[in-house]
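Below: one structure, written as structure tokens.
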Amino acid sequence: MFAKPLPRKRGAAVAVAAAAAAGMLLATAPAAQAAPDNCTISSGSSLSSLCTSGTGQHRIHAVLNPLDPRLPQRIILGNWAPVGQASVASNPWGAAYVVNAWVDRTD
């Protein structure tokens with residue numbers, strides 16, 4: 001009716017193997033990561049973001065009003081950049097057409 005228990009020697013070997021595997025997982029765990037922080041946005045003929053802390057990546061993300069109000073708004077995205085480097089996106093219409101800008105972040 002019930003499963004036959006493992007002999008003690010075999011059970012001990014399985015327990016040691018499981019403990020060793022758990023130790024290996026703990027020993028190879030990656031360093032903690034944090035999303036970028038302390039980010040600033042600059043606007044002009046280009047838009048840029050710069051984050052100075054954290055370990056992930058960031059990019060500038062903006063919405064522009066078009067020159068012709070009958071056209072839809074335009075979304076522009078910068079390149080993904082590591083902390084300490086700028087993400088830059090071209091802004092063909094200038095700072096006056098920026099509706100909203102923010103920083104996308106990933107760790």
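In the structure tokens, each chain is lettered A, B, ... as it comes, each chain's residues begin at 1, and ligands are numbered from 1 in order of appearance.
Around A:Leu64, within 12 Å and counting only C-alpha atoms, the residues found are Ser43, Ser46, Leu47, His61, Leu67, Asp68, Pro69, Leu71, Pro72, Gln73, Arg74, Ile75, Ile76, Leu77, Ala89, Ser90, Asn91, Pro92, Trp93, Gly94, Ala95, Ala96, Tyr97, Val98, Val99, Asn100 and Ala101 of chain A, once anything fewer than 3 positions away on its own chain is removed.
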Residues from the last selection, N, CA and C atoms, saved as a JSON list (two decimals), in the first residue's frame:
[["chain", "number", "residue", "atom", "x", "y", "z"],
["A", 43, "SER", "N", 16.18, 68.37, -23.39],
["A", 43, "SER", "CA", 15.37, 68.54, -24.60],
["A", 43, "SER", "C", 15.90, 69.69, -25.43],
["A", 46, "SER", "N", 17.55, 67.46, -29.97],
["A", 46, "SER", "CA", 17.48, 66.03, -29.66],
["A", 46, "SER", "C", 16.98, 65.91, -28.23],
["A", 47, "LEU", "N", 16.46, 64.76, -27.90],
["A", 47, "LEU", "CA", 16.05, 64.46, -26.53],
["A", 47, "LEU", "C", 17.02, 63.43, -25.98],
["A", 61, "HIS", "N", 11.96, 58.31, -24.02],
["A", 61, "HIS", "CA", 10.69, 57.98, -24.68],
["A", 61, "HIS", "C", 9.90, 59.28, -24.69],
["A", 67, "LEU", "N", 3.79, 69.07, -36.74],
["A", 67, "LEU", "CA", 3.75, 70.45, -37.24],
["A", 67, "LEU", "C", 2.35, 70.78, -37.75],
["A", 68, "ASP", "N", 1.70, 69.81, -38.38],
["A", 68, "ASP", "CA", 0.34, 69.97, -38.89],
["A", 68, "ASP", "C", -0.62, 69.33, -37.88],
["A", 69, "PRO", "N", -1.48, 70.12, -37.22],
["A", 69, "PRO", "CA", -2.35, 69.57, -36.18],
["A", 69, "PRO", "C", -3.35, 68.53, -36.67],
["A", 71, "LEU", "N", -2.46, 65.91, -38.28],
["A", 71, "LEU", "CA", -1.74, 64.64, -38.25],
["A", 71, "LEU", "C", -1.65, 64.10, -36.83],
["A", 72, "PRO", "N", -1.43, 62.80, -36.69],
["A", 72, "PRO", "CA", -1.33, 62.23, -35.33],
["A", 72, "PRO", "C", -0.01, 62.59, -34.65],
["A", 73, "GLN", "N", -0.02, 62.43, -33.35],
["A", 73, "GLN", "CA", 1.20, 62.65, -32.59],
["A", 73, "GLN", "C", 2.25, 61.62, -32.99],
["A", 74, "ARG", "N", 3.50, 61.96, -32.73],
["A", 74, "ARG", "CA", 4.62, 61.09, -33.10],
["A", 74, "ARG", "C", 5.32, 60.62, -31.83],
["A", 75, "ILE", "N", 5.64, 59.33, -31.78],
["A", 75, "ILE", "CA", 6.39, 58.76, -30.65],
["A", 75, "ILE", "C", 7.84, 58.58, -31.10],
["A", 76, "ILE", "N", 8.77, 59.03, -30.27],
["A", 76, "ILE", "CA", 10.18, 58.80, -30.57],
["A", 76, "ILE", "C", 10.83, 58.07, -29.39],
["A", 77, "LEU", "N", 11.74, 57.19, -29.73],
["A", 77, "LEU", "CA", 12.44, 56.38, -28.74],
["A", 77, "LEU", "C", 13.94, 56.51, -28.94],
["A", 89, "ALA", "N", 17.60, 60.56, -28.77],
["A", 89, "ALA", "CA", 16.64, 60.43, -29.87],
["A", 89, "ALA", "C", 16.55, 61.77, -30.59],
["A", 90, "SER", "N", 16.47, 61.71, -31.88],
["A", 90, "SER", "CA", 16.35, 62.93, -32.68],
["A", 90, "SER", "C", 14.98, 63.56, -32.46],
["A", 91, "ASN", "N", 14.96, 64.88, -32.37],
["A", 91, "ASN", "CA", 13.72, 65.62, -32.22],
["A", 91, "ASN", "C", 13.64, 66.62, -33.38],
["A", 92, "PRO", "N", 13.07, 66.21, -34.50],
["A", 92, "PRO", "CA", 13.12, 67.04, -35.70],
["A", 92, "PRO", "C", 12.36, 68.35, -35.61],
["A", 93, "TRP", "N", 11.43, 68.47, -34.69],
["A", 93, "TRP", "CA", 10.60, 69.67, -34.64],
["A", 93, "TRP", "C", 10.95, 70.62, -33.50],
["A", 94, "GLY", "N", 11.85, 70.26, -32.63],
["A", 94, "GLY", "CA", 12.27, 71.16, -31.56],
["A", 94, "GLY", "C", 11.48, 70.98, -30.27],
["A", 95, "ALA", "N", 12.00, 71.59, -29.21],
["A", 95, "ALA", "CA", 11.47, 71.41, -27.86],
["A", 95, "ALA", "C", 10.02, 71.87, -27.72],
["A", 96, "ALA", "N", 9.59, 72.83, -28.51],
["A", 96, "ALA", "CA", 8.23, 73.35, -28.38],
["A", 96, "ALA", "C", 7.16, 72.31, -28.75],
["A", 97, "TYR", "N", 7.53, 71.27, -29.45],
["A", 97, "TYR", "CA", 6.56, 70.26, -29.89],
["A", 97, "TYR", "C", 6.52, 69.02, -28.99],
["A", 98, "VAL", "N", 7.31, 69.02, -27.94],
["A", 98, "VAL", "CA", 7.32, 67.88, -27.02],
["A", 98, "VAL", "C", 6.10, 67.96, -26.11],
["A", 99, "VAL", "N", 5.23, 66.96, -26.18],
["A", 99, "VAL", "CA", 4.05, 66.90, -25.33],
["A", 99, "VAL", "C", 4.42, 66.29, -23.99],
["A", 100, "ASN", "N", 5.17, 65.19, -24.04],
["A", 100, "ASN", "CA", 5.55, 64.49, -22.83],
["A", 100, "ASN", "C", 6.83, 63.70, -23.11],
["A", 101, "ALA", "N", 7.68, 63.58, -22.09],
["A", 101, "ALA", "CA", 8.90, 62.79, -22.21],
["A", 101, "ALA", "C", 9.16, 62.10, -20.89]]
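Taking atom CA of A:His58 and atom CA of A:Ala81 as the two end points, the separation is 5.5 Å.
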(request) Please provide as a ChimeraX atom specification all residues within 10 Å of A:Ala86, with the sequence filter that same-chain residues fewer than 4 positions apart are discarded (counting only C-alpha atoms). (result) /A:39-41,47-52,58-60,78-82
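For the atom pair formed by atom CA of A:Pro66 and atom CA of A:Val103, the distance is 21.1 Å, given to one decimal.
Interatomic distance, atom CA of A:Trp102 to atom CA of A:Gln33: 21.3 Å.
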Please list as a JSON list (two decimals) with C-alpha atoms, in the first residue's frame every residue within 6 Å of A:Gly56, counting only C-alpha atoms and excluding residues in the same chain fewer than 3 positions away.
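result.json, freshly written:
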[["chain", "number", "residue", "atom", "x", "y", "z"],
["A", 35, "ALA", "CA", 16.64, 49.55, -12.28],
["A", 36, "PRO", "CA", 18.40, 52.79, -13.25],
["A", 106, "THR", "CA", 14.89, 47.94, -17.19],
["A", 107, "ASP", "CA", 17.08, 46.01, -14.79]]
